[in-house]
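Participant: Take a look at start_26.cif, mmCIF, C-alpha atoms:
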data_my_file
#
loop_
_atom_site.label_atom_id
_atom_site.label_comp_id
_atom_site.auth_asym_id
_atom_site.auth_seq_id
_atom_site.Cartn_x
_atom_site.Cartn_y
_atom_site.Cartn_z
CA MET S 1 -7.93 60.45 15.01
CA THR S 2 -5.86 61.59 12.05
CA ASP S 3 -2.23 60.67 11.54
CA MET S 4 -1.38 64.34 11.68
CA ARG S 5 -2.98 64.73 15.09
CA GLU S 6 -1.25 61.61 16.35
CA ARG S 7 2.07 62.96 15.11
CA GLN S 8 1.38 66.30 16.79
CA ILE S 9 0.72 64.54 20.11
CA SER S 10 3.77 62.35 19.64
CA ASP S 11 5.96 65.42 19.05
CA LEU S 12 4.60 67.12 22.15
CA LEU S 13 5.06 64.02 24.30
CA ALA S 14 8.66 63.83 23.11
CA CYS S 15 9.14 67.46 24.18
CA ARG S 16 7.48 66.76 27.54
CA ASP S 17 9.78 63.80 28.15
CA GLY S 18 12.93 65.67 27.13
CA GLU S 19 13.52 63.50 24.07
CA ARG S 20 13.94 66.52 21.79
CA GLY S 21 16.82 68.96 21.63
CA GLU S 22 16.19 72.52 22.77
CA ALA S 23 15.87 74.04 19.28
CA ASP S 24 13.70 71.22 18.07
CA ALA S 25 11.41 71.47 21.11
CA ALA S 26 11.11 75.25 20.65
CA GLU S 27 10.05 74.72 17.05
CA VAL S 28 7.38 72.17 18.07
CA LEU S 29 6.03 74.39 20.86
CA ALA S 30 5.85 77.40 18.54
CA ARG S 31 3.19 75.68 16.41
CA PRO S 32 -0.39 77.00 16.80
CA GLY S 33 -2.20 75.47 19.79
CA ALA S 34 0.85 73.42 20.82
CA THR S 35 1.31 74.92 24.28
CA LYS S 36 -2.35 74.47 25.14
CA LEU S 37 -2.35 70.87 23.92
CA LEU S 38 0.81 70.15 25.87
CA GLY S 39 -0.91 71.53 28.97
CA GLU S 40 -3.83 69.16 28.41
CA LEU S 41 -1.48 66.20 28.01
CA GLU S 42 0.32 67.08 31.22
CA ARG S 43 -2.95 67.45 33.11
CA LEU S 44 -4.08 64.06 31.81
CA GLN S 45 -0.87 62.47 32.99
CA GLN S 46 -1.29 64.05 36.43
CA ALA S 47 -4.88 62.83 36.55
CA LEU S 48 -3.82 59.26 35.65
CA ARG S 49 -1.28 59.34 38.45
CA SER S 50 -3.89 60.61 40.88
CA LEU S 51 -6.35 57.76 40.30
CA PRO S 52 -6.92 56.06 43.64
CA ASP S 53 -5.77 52.49 44.15
CA PRO S 54 -8.60 50.03 44.81
CA THR S 55 -8.68 47.80 47.88
CA PRO S 56 -8.14 44.06 47.34
CA ASP S 57 -10.97 41.72 48.31
CA ALA S 58 -11.16 40.72 51.95
CA GLY S 59 -9.69 37.25 52.32
CA SER S 60 -7.39 37.72 49.33
CA TRP S 61 -4.24 37.34 51.47
CA GLU S 62 -5.56 34.15 53.06
CA ARG S 63 -6.16 32.65 49.62
CA ILE S 64 -2.67 33.61 48.54
CA ARG S 65 -1.10 32.05 51.63
CA ASN S 66 -3.04 28.86 51.02
CA ALA S 67 -2.11 28.71 47.33
CA ALA S 68 1.61 29.35 47.86
CA ARG S 69 4.10 26.58 48.52
CA PRO S 70 7.37 28.24 49.44
CA VAL S 71 10.48 26.54 48.09
CA PRO S 72 12.39 25.10 51.05
CA VAL S 73 15.70 26.89 51.41
CA ARG S 74 18.35 27.39 54.04
CA HIS S 75 21.15 29.88 54.26
CA ASP S 76 24.84 29.29 54.92
CA ARG S 77 26.74 31.40 57.43
CA ALA S 78 27.33 34.12 54.86
CA GLY S 79 23.59 34.32 54.19
CA THR S 80 23.80 32.68 50.78
CA VAL S 81 20.67 30.78 49.82
CA LEU S 82 21.23 27.03 49.54
CA ARG S 83 18.74 24.60 48.10
CA CYS S 84 18.05 21.57 50.27
CA PRO S 85 17.63 18.60 47.95
CA GLY S 86 16.56 16.34 50.84
CA LEU S 87 13.52 18.50 51.42
CA PHE S 88 12.31 17.79 47.91
CA VAL S 89 12.10 14.02 48.40
CA PRO S 90 8.41 14.05 49.48
CA TYR S 91 7.60 16.36 46.56
CA ALA S 92 9.40 14.05 44.15
CA ALA S 93 7.48 11.05 45.44
CA ALA S 94 4.15 12.84 45.05
CA ALA S 95 5.17 14.08 41.62
CA GLY S 96 5.99 10.54 40.54
CA LEU S 97 2.54 9.36 41.55
CA THR S 98 0.76 12.19 39.79
CA LEU S 99 2.91 11.75 36.68
CA ALA S 100 1.82 8.13 36.42
CA LEU S 101 -1.80 9.21 36.84
CA ALA S 102 -1.35 11.98 34.31
CA ALA S 103 0.00 9.67 31.63
CA GLY S 104 -3.22 7.68 31.81
CA LEU S 105 -5.41 10.79 31.75
CA LEU S 106 -3.60 12.29 28.80
CA ALA S 107 -3.98 9.06 26.87
CA VAL S 108 -7.73 9.07 27.57
CA HIS S 109 -8.06 12.67 26.42
CA ALA S 110 -5.93 12.13 23.35
CA ALA S 111 -8.31 9.36 22.35
CA ARG S 112 -11.29 11.61 23.07
CA ASP S 113 -9.74 14.44 21.03
CA GLY S 114 -9.26 12.08 18.15
CA ALA S 115 -12.91 11.11 18.26
CA ALA S 116 -14.00 14.74 18.50
CA THR S 117 -11.94 15.77 15.51
CA GLY S 118 -13.56 13.43 13.09
CA ALA S 119 -12.13 9.98 13.70
CA VAL S 120 -15.67 8.63 13.69
CA GLY S 121 -16.72 10.82 10.77
CA GLU S 122 -19.06 13.06 12.71
CA ARG S 123 -17.39 16.35 11.93
CA PRO S 124 -19.59 18.83 10.08
CA SER S 125 -18.39 19.78 6.61
CA THR S 126 -15.73 22.47 6.52
CA THR S 127 -17.57 24.13 3.67
CA GLN S 128 -20.53 24.70 5.94
CA PRO S 129 -20.17 28.18 7.42
CA VAL S 130 -20.72 28.22 11.13
CA ALA S 131 -22.40 31.21 12.70
CA LYS S 132 -20.26 33.40 14.99
CA ALA S 133 -22.57 32.69 17.92
CA ASP S 134 -22.09 28.93 17.57
CA PRO S 135 -23.75 27.41 20.67
CA ALA S 136 -21.17 24.61 20.85
CA LEU S 137 -18.33 27.11 20.77
CA GLU S 138 -20.09 29.36 23.26
CA SER S 139 -20.51 26.38 25.56
CA LEU S 140 -16.77 25.61 25.28
CA TYR S 141 -15.89 29.23 26.09
CA GLU S 142 -18.11 29.06 29.15
CA ARG S 143 -16.67 25.74 30.35
CA SER S 144 -13.17 27.05 29.77
CA ARG S 145 -13.96 30.22 31.67
CA ARG S 146 -15.31 28.25 34.64
CA LEU S 147 -12.21 26.03 34.78
CA GLU S 148 -9.74 28.89 34.21
CA PRO S 149 -9.04 29.48 37.94
CA LEU S 150 -7.38 26.03 38.01
CA LEU S 151 -4.68 27.38 35.73
CA VAL S 152 -4.03 30.35 37.96
CA SER S 153 -3.52 28.14 40.98
CA ALA S 154 -1.60 25.38 39.13
CA ASP S 155 1.44 24.14 40.99
CA ARG S 156 4.47 25.01 38.89
CA ARG S 157 6.68 22.44 40.60
CA ASP S 158 4.30 19.59 40.01
CA PRO S 159 5.47 17.93 36.77
CA MET S 160 1.96 16.75 35.99
CA GLU S 161 0.39 20.14 36.35
CA GLN S 162 3.31 21.75 34.56
CA ALA S 163 2.87 19.38 31.61
CA LEU S 164 -0.82 20.26 31.39
CA ARG S 165 -0.06 23.98 31.67
CA LEU S 166 2.44 23.75 28.83
CA ARG S 167 0.01 21.91 26.61
CA ILE S 168 -2.66 24.51 27.34
CA ALA S 169 -0.18 27.32 26.61
CA ASP S 170 0.62 25.65 23.29
CA LEU S 171 -3.08 25.43 22.46
CA ASP S 172 -3.52 29.09 23.40
CA GLY S 173 -0.85 29.96 20.87
CA GLN S 174 -2.65 27.95 18.20
CA ILE S 175 -6.03 29.48 19.06
CA THR S 176 -4.60 32.99 18.87
CA GLY S 177 -3.25 32.24 15.40
CA ILE S 178 -6.60 31.13 13.96
CA PRO S 179 -7.87 33.60 11.35
CA ASP S 180 -11.27 35.07 12.19
CA SER S 181 -13.37 33.47 9.46
CA ALA S 182 -16.32 31.13 9.27
CA ALA S 183 -14.12 28.48 7.62
CA SER S 184 -11.84 28.37 10.62
CA ARG S 185 -14.67 28.01 13.15
CA GLN S 186 -14.38 24.23 13.10
CA GLN S 187 -10.66 24.34 13.83
CA GLU S 188 -11.41 26.77 16.61
CA GLU S 189 -14.03 24.46 18.09
CA ARG S 190 -11.58 21.54 18.01
CA LEU S 191 -8.85 23.52 19.77
CA TRP S 192 -11.20 24.93 22.39
CA GLY S 193 -12.50 21.40 22.95
CA GLN S 194 -8.95 20.21 23.59
CA ARG S 195 -8.37 23.14 25.91
CA VAL S 196 -11.45 22.28 27.98
CA ALA S 197 -10.40 18.59 28.07
CA LEU S 198 -6.96 19.55 29.39
CA LEU S 199 -8.48 21.83 32.02
CA GLU S 200 -10.75 18.97 33.07
CA SER S 201 -7.67 16.74 33.34
CA LEU S 202 -6.13 19.33 35.59
CA ALA S 203 -9.26 19.28 37.74
CA GLN S 204 -9.09 15.47 37.96
CA VAL S 205 -5.42 15.54 38.91
CA ARG S 206 -6.17 18.12 41.58
CA ARG S 207 -9.01 16.00 42.98
CA ALA S 208 -6.90 12.83 42.90
CA ARG S 209 -4.04 14.55 44.67
CA ALA S 210 -6.36 15.93 47.33
CA THR S 211 -7.31 12.36 48.29
CA LEU S 212 -3.66 11.30 48.70
CA GLN S 213 -2.81 11.49 52.37
CA PRO S 214 0.80 12.09 53.40
CA ALA S 215 2.42 9.10 55.11
CA VAL S 216 3.00 9.60 58.83
CA TYR S 217 5.93 7.84 60.44
CA MET Y 1 -2.29 57.86 44.34
CA ALA Y 2 -1.68 55.29 41.59
CA GLY Y 3 1.66 53.68 40.83
CA PHE Y 4 4.60 52.24 42.73
CA ALA Y 5 6.79 55.33 42.49
CA SER Y 6 6.23 56.45 46.08
CA LEU Y 7 6.36 52.97 47.60
CA THR Y 8 9.31 51.51 49.46
CA LEU Y 9 9.77 48.41 51.53
CA ALA Y 10 11.81 48.68 54.72
CA THR Y 11 15.07 46.76 54.46
CA GLU Y 12 14.00 44.38 57.24
CA VAL Y 13 10.77 43.58 55.37
CA ALA Y 14 12.69 42.91 52.15
CA LEU Y 15 15.14 40.72 54.06
CA GLY Y 16 12.17 38.93 55.61
CA LEU Y 17 10.88 38.17 52.09
CA LYS Y 18 14.22 36.64 51.25
CA ASN Y 19 14.11 34.53 54.40
CA GLY Y 20 10.50 33.40 53.97
CA ASP Y 21 9.25 35.30 57.03
CA PRO Y 22 5.40 35.20 57.01
CA ASP Y 23 5.10 38.54 58.82
CA ALA Y 24 7.30 40.25 56.23
CA GLN Y 25 5.27 38.67 53.43
CA ALA Y 26 2.03 39.93 54.99
CA GLU Y 27 3.51 43.41 55.40
CA ALA Y 28 4.69 43.50 51.77
CA TYR Y 29 1.22 42.43 50.66
CA ARG Y 30 -0.43 45.12 52.80
CA LEU Y 31 1.80 47.81 51.32
CA LEU Y 32 1.89 46.73 47.69
CA ALA Y 33 -1.34 44.85 46.93
CA PRO Y 34 -3.46 47.99 46.29
CA SER Y 35 -0.91 49.25 43.74
CA VAL Y 36 -0.68 45.84 42.05
CA LEU Y 37 -4.49 45.67 41.91
CA GLY Y 38 -4.79 49.27 40.63
CA MET Y 39 -2.22 48.74 37.90
CA ALA Y 40 -3.69 45.39 36.81
CA GLN Y 41 -7.24 46.73 36.83
CA ARG Y 42 -6.30 49.70 34.64
CA ILE Y 43 -4.27 47.57 32.24
CA LEU Y 44 -6.67 44.65 31.96
CA GLY Y 45 -9.92 46.60 32.40
CA ASP Y 46 -11.37 43.81 34.51
CA ARG Y 47 -11.57 43.51 38.29
CA GLY Y 48 -11.68 39.70 38.30
CA LEU Y 49 -8.56 39.37 36.14
CA ALA Y 50 -6.84 42.01 38.23
CA GLU Y 51 -7.55 40.03 41.41
CA GLU Y 52 -6.00 37.00 39.71
CA VAL Y 53 -2.89 39.04 38.94
CA VAL Y 54 -2.68 40.06 42.61
CA GLN Y 55 -2.93 36.41 43.63
CA ASP Y 56 -0.29 35.22 41.15
CA THR Y 57 2.07 38.07 41.96
CA PHE Y 58 2.08 37.45 45.69
CA VAL Y 59 2.17 33.68 45.31
CA THR Y 60 5.35 34.26 43.28
CA MET Y 61 6.64 36.60 45.98
CA ILE Y 62 6.19 33.91 48.64
CA GLU Y 63 7.51 31.04 46.52
CA ARG Y 64 10.49 32.83 45.01
CA GLY Y 65 11.32 35.43 47.64
CA ALA Y 66 14.49 33.50 48.47
CA THR Y 67 15.84 34.22 45.00
CA LEU Y 68 15.67 38.00 45.52
CA GLU Y 69 19.26 39.14 45.08
CA ASP Y 70 19.04 42.85 45.82
CA VAL Y 71 16.76 43.58 48.76
CA HIS Y 72 16.60 47.24 47.71
CA ALA Y 73 15.00 46.17 44.44
CA ALA Y 74 12.13 44.26 46.09
CA VAL Y 75 9.39 46.71 45.02
CA GLY Y 76 10.66 46.75 41.42
CA TRP Y 77 10.81 42.96 41.40
CA ILE Y 78 7.22 42.63 42.63
CA ARG Y 79 6.02 45.27 40.15
CA GLN Y 80 7.79 43.51 37.27
CA THR Y 81 6.24 40.20 38.35
CA ALA Y 82 2.80 41.84 38.27
CA VAL Y 83 3.49 43.36 34.83
CA ASN Y 84 4.48 39.92 33.51
CA HIS Y 85 1.26 38.40 34.85
CA CYS Y 86 -0.75 41.20 33.20
CA LEU Y 87 1.03 40.61 29.91
CA MET Y 88 0.38 36.86 30.14
CA ARG Y 89 -3.33 37.54 30.51
CA LEU Y 90 -3.39 40.06 27.67
CA ARG Y 91 -2.00 37.35 25.42
CA SER Y 92 -4.45 34.71 26.57
CA PRO Y 93 -7.05 33.93 23.88
CA TRP Y 94 -9.70 33.86 26.55
CA THR Y 95 -8.92 37.41 27.65
CA GLN Y 96 -8.82 38.57 24.04
CA ARG Y 97 -12.40 37.42 23.64
CA ARG Y 98 -13.70 39.44 26.53
CA VAL Y 99 -15.75 42.54 25.90
CA PRO Y 100 -13.25 45.30 26.56
CA GLU Y 101 -15.58 47.92 27.92
CA LEU Y 102 -16.62 47.23 31.46
CA PRO Y 103 -18.61 49.16 34.02
CA VAL Y 104 -16.43 51.69 35.76
CA GLU Y 105 -16.64 51.86 39.50
CA ALA Y 106 -16.81 55.19 41.23
CA ALA Y 107 -13.33 56.27 42.25
CA ASP Y 108 -14.66 56.60 45.76
CA PRO Y 109 -18.31 55.61 46.18
CA ARG Y 110 -18.62 57.65 49.39
CA GLU Y 111 -17.60 60.80 47.64
CA ASP Y 112 -19.51 62.63 44.96
CA GLY Y 113 -18.72 65.81 43.15
CA PRO Y 114 -16.75 67.16 40.22
CA ARG Y 115 -13.46 65.56 41.26
CA ASN Y 116 -14.90 62.08 41.56
CA GLU Y 117 -16.96 62.57 38.40
CA GLY Y 118 -13.81 63.62 36.52
CA LEU Y 119 -11.90 60.56 37.72
CA ARG Y 120 -14.79 58.31 36.72
CA ASP Y 121 -14.74 59.88 33.26
CA LEU Y 122 -11.04 59.24 32.98
CA GLU Y 123 -11.41 55.61 34.12
CA ARG Y 124 -14.19 55.14 31.57
CA ALA Y 125 -12.14 56.69 28.78
CA LEU Y 126 -9.17 54.52 29.76
CA SER Y 127 -11.27 51.36 29.67
CA ARG Y 128 -12.24 52.14 26.06
CA LEU Y 129 -8.66 52.05 24.81
CA GLY Y 130 -7.19 48.88 23.35
CA PRO Y 131 -5.49 46.70 25.97
CA GLU Y 132 -1.96 47.18 24.60
CA THR Y 133 -2.48 50.92 24.33
CA ARG Y 134 -3.71 50.99 27.93
CA MET Y 135 -0.70 49.02 29.07
CA VAL Y 136 1.78 51.27 27.25
CA LEU Y 137 0.08 54.40 28.60
CA TRP Y 138 0.07 53.11 32.15
CA LEU Y 139 3.58 51.72 32.18
CA HIS Y 140 5.13 54.81 30.58
CA ASP Y 141 3.23 57.65 32.17
CA VAL Y 142 2.37 56.25 35.58
CA GLU Y 143 5.04 53.65 36.28
CA GLY Y 144 7.87 55.43 34.51
CA TYR Y 145 8.96 52.61 32.17
CA THR Y 146 11.00 53.76 29.19
CA HIS Y 147 9.84 53.23 25.62
CA GLN Y 148 12.73 50.84 25.14
CA GLU Y 149 11.64 48.72 28.13
CA ILE Y 150 8.02 48.68 26.95
CA GLY Y 151 9.03 47.81 23.39
CA GLY Y 152 11.06 44.92 24.83
CA LEU Y 153 8.07 43.64 26.85
CA PHE Y 154 5.92 43.45 23.73
CA GLY Y 155 8.71 42.13 21.54
CA ARG Y 156 8.42 45.30 19.48
CA THR Y 157 10.42 48.45 18.88
CA GLU Y 158 10.68 51.66 20.85
CA SER Y 159 8.68 53.38 18.09
CA TYR Y 160 5.78 51.00 18.68
CA SER Y 161 5.61 52.13 22.30
CA LYS Y 162 5.77 55.80 21.28
CA SER Y 163 3.01 55.48 18.72
CA GLN Y 164 0.77 53.58 21.15
CA LEU Y 165 1.31 56.29 23.73
CA ALA Y 166 0.39 59.06 21.27
CA ARG Y 167 -2.64 57.09 20.08
CA GLY Y 168 -3.76 56.49 23.66
CA TYR Y 169 -3.54 60.16 24.57
CA GLY Y 170 -5.29 61.12 21.33
CA LYS Y 171 -8.22 58.88 22.20
CA LEU Y 172 -8.34 60.04 25.80
CA LEU Y 173 -8.45 63.63 24.56
CA GLU Y 174 -11.18 62.79 22.07
CA GLN Y 175 -13.30 61.34 24.82
CA THR Y 176 -12.65 63.97 27.41
CA VAL Y 177 -12.26 67.13 25.39
CA GLU Y 178 -13.22 68.41 21.94
CA PRO Y 179 -10.28 69.32 19.71
CA GLU Y 180 -11.72 72.85 19.43
CA ALA Y 181 -11.89 73.07 23.18
CA LEU Y 182 -8.11 72.99 23.22
CA THR Y 183 -8.27 76.56 21.98
CA THR Y 184 -11.80 77.72 22.89
CA GLY Y 185 -12.33 75.86 26.17
CA ASN Y 186 -15.85 74.77 25.13
CA ARG Y 187 -17.18 71.74 26.94
CA LYS Y 188 -18.16 68.70 24.94
CA HIS Y 189 -21.91 68.06 25.10
CA ASP Y 190 -21.81 64.29 25.55
CA GLY Y 191 -21.66 64.00 29.27
CA TYR Y 192 -17.88 63.76 29.43
CA ALA Y 193 -15.88 66.25 31.35
CA ARG Y 194 -13.15 68.31 29.75
CA THR Y 195 -9.64 67.30 30.68
CA THR Y 196 -9.42 70.46 32.74
CA ASP Y 197 -12.09 68.94 35.00
CA ILE Y 198 -9.85 66.02 35.73
CA GLY Y 199 -6.76 68.14 35.85
CA PRO Y 200 -5.35 70.20 38.69
CA ALA Y 201 -8.79 71.20 40.04
CA CYS Y 202 -9.56 67.61 40.92
CA LEU Y 203 -6.11 66.68 42.10
CA SER Y 204 -6.25 68.55 45.36
#
Output the structure of this file as structure tokens.

Facilitator:
Amino acid sequence: MTDMRERQISDLLACRDGERGEADAAEVLARPGATKLLGELERLQQALRSLPDPTPDAGSWERIRNAARPVPVRHDRAGTVLRCPGLFVPYAAAAGLTLALAAGLLAVHAARDGAATGAVGERPSTTQPVAKADPALESLYERSRRLEPLLVSADRRDPMEQALRLRIADLDGQITGIPDSAASRQQEERLWGQRVALLESLAQVRRARATLQPAVY
Amino acid sequence: MAGFASLTLATEVALGLKNGDPDAQAEAYRLLAPSVLGMAQRILGDRGLAEEVVQDTFVTMIERGATLEDVHAAVGWIRQTAVNHCLMRLRSPWTQRRVPELPVEAADPREDGPRNEGLRDLERALSRLGPETRMVLWLHDVEGYTHQEIGGLFGRTESYSKSQLARGYGKLLEQTVEPEALTTGNRKHDGYARTTDIGPACLS
């Protein structure tokens, strides 16, 4: 599409949305083919708005209810929402336990990351171009993809899970910034490796927490 | 009909969200989930990611419903939450590596005919746009966001939103109608319908 065509469409959309003054809009619409093109744009907009909404998967609501942990609140007489700090005590206790567990896991993964990034001298040379379809990288993408649902369901109030989420978000930022070149493939592999390791930590934390039974008094 | 424009939540349902009432939450999901899914699917071009957005949006609704200050703004709040989750996924490096073009489902598999064919063509053309272009197009022309709001979402200017919108329409027109057809009405011989086929005739 040429710049001129894009500008023509932009002018017509501005007329359609009332962003042009009357005289200006009249001048734009007087150009050859402008009215017809405007008609097409309006019909497209109508068609977009008429697209039917799909139906969510059966069981979707049940999954949402199970994943959600509503924040305990109460209201005063005027209906104002008040936080109930006492209700957070069990959460704080559980968070403390998972935080201790997390510290250990992160240390293990940090050591593993160090090894993977060349601490034992096994990194391939950076001058060696790596093919785009690098099997190791592909394998990391696949492992990351399989573990991705853990991130979606991560508990934002759990300090352990939150810490892992933040580290993953930081890595995502770094991965996005990698230039697309063969020389950067190694850096990419290292970062994706760290991402997978963090997701695996999240899986371990989730499993460990599932085995913790609440105390009954 | 796509979009949230025609949707409203009864005041008692919105109040129920604020008070953590499970029945109100279920009712809000029933009313709004198809629109959240439709918007996310069109923006992200992927059914699986769109289902994730639905899940995250309604988990947020349940967990943070108590923080809703204006019960009359409940639909807008849920829509904005869904938009934020879409944006988060667009920025994810994993999502950026996905193949953008995905199979397009029939608008209504039980129905066949020119209307459904036209809508399928439009869905297909939409899925071929860049993700940011798709998002700008959808938010501006279906959801009614302003260019300023969209520019703010992307951390860009109003002009960025305008140029993405024009580019998006240009590409949709290229795929659904030949430039000459704008004056001659000739159909493009590549299997795509003209825009007129997905226009008023198929809207009834």

Participant: Tell me, in Å to one decimal, how far CA of Ala82 (chain Y) is from CA of Thr11 (chain Y).

Facilitator: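 Computed distance, CA of Ala82 (chain Y) to CA of Thr11 (chain Y), equals 20.9 Å.
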
Participant: Using all atoms listed in the file, can you tell me which of S:Gln162, S:Ser201, S:Thr35, S:Gln187 comes closest to Leu137 (chain S)?

Facilitator: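 Among the listed residues, S:Gln187 lies closest to Leu137 (chain S).
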
Participant: Report the residues retrieved by the PyMOL selection byres ((chain S) within 9 of (chain Y)) from the displayed file, expressed as number ranges by chain.

Facilitator: S: 1, 5-11, 13-14, 33, 36-37, 40-57, 60-61, 63-65, 67-75, 81, 141, 144-145, 149, 152-153, 169, 172-173, 175-176

Participant: Measuring between all atoms listed in the file, which one of S:Leu198, S:Leu38, S:Ala183, S:Leu12 shows the shortest distance to Ala163 (chain S)?

Facilitator: S:Leu198

Participant: Neighbours of Ser161 (chain Y) within 9 Å (only C-alpha atoms; same-chain residues fewer than 5 positions away dropped), as a PyMOL selection string?

Facilitator: chain Y and resi 133+136-137+140+146-148+150-151+154+156+166

Participant: For the atom pair CA of Leu164 (chain S) and CA of Leu151 (chain S), what is the interatomic distance in Å to one decimal place?

Facilitator: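 Between CA of Leu164 (chain S) and CA of Leu151 (chain S) the gap works out to 9.2 Å.
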
Participant: In Å to one decimal, how far is CA of Leu171 (chain S) from CA of Leu147 (chain S)?

Facilitator: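 These atoms are spaced 15.3 Å apart.
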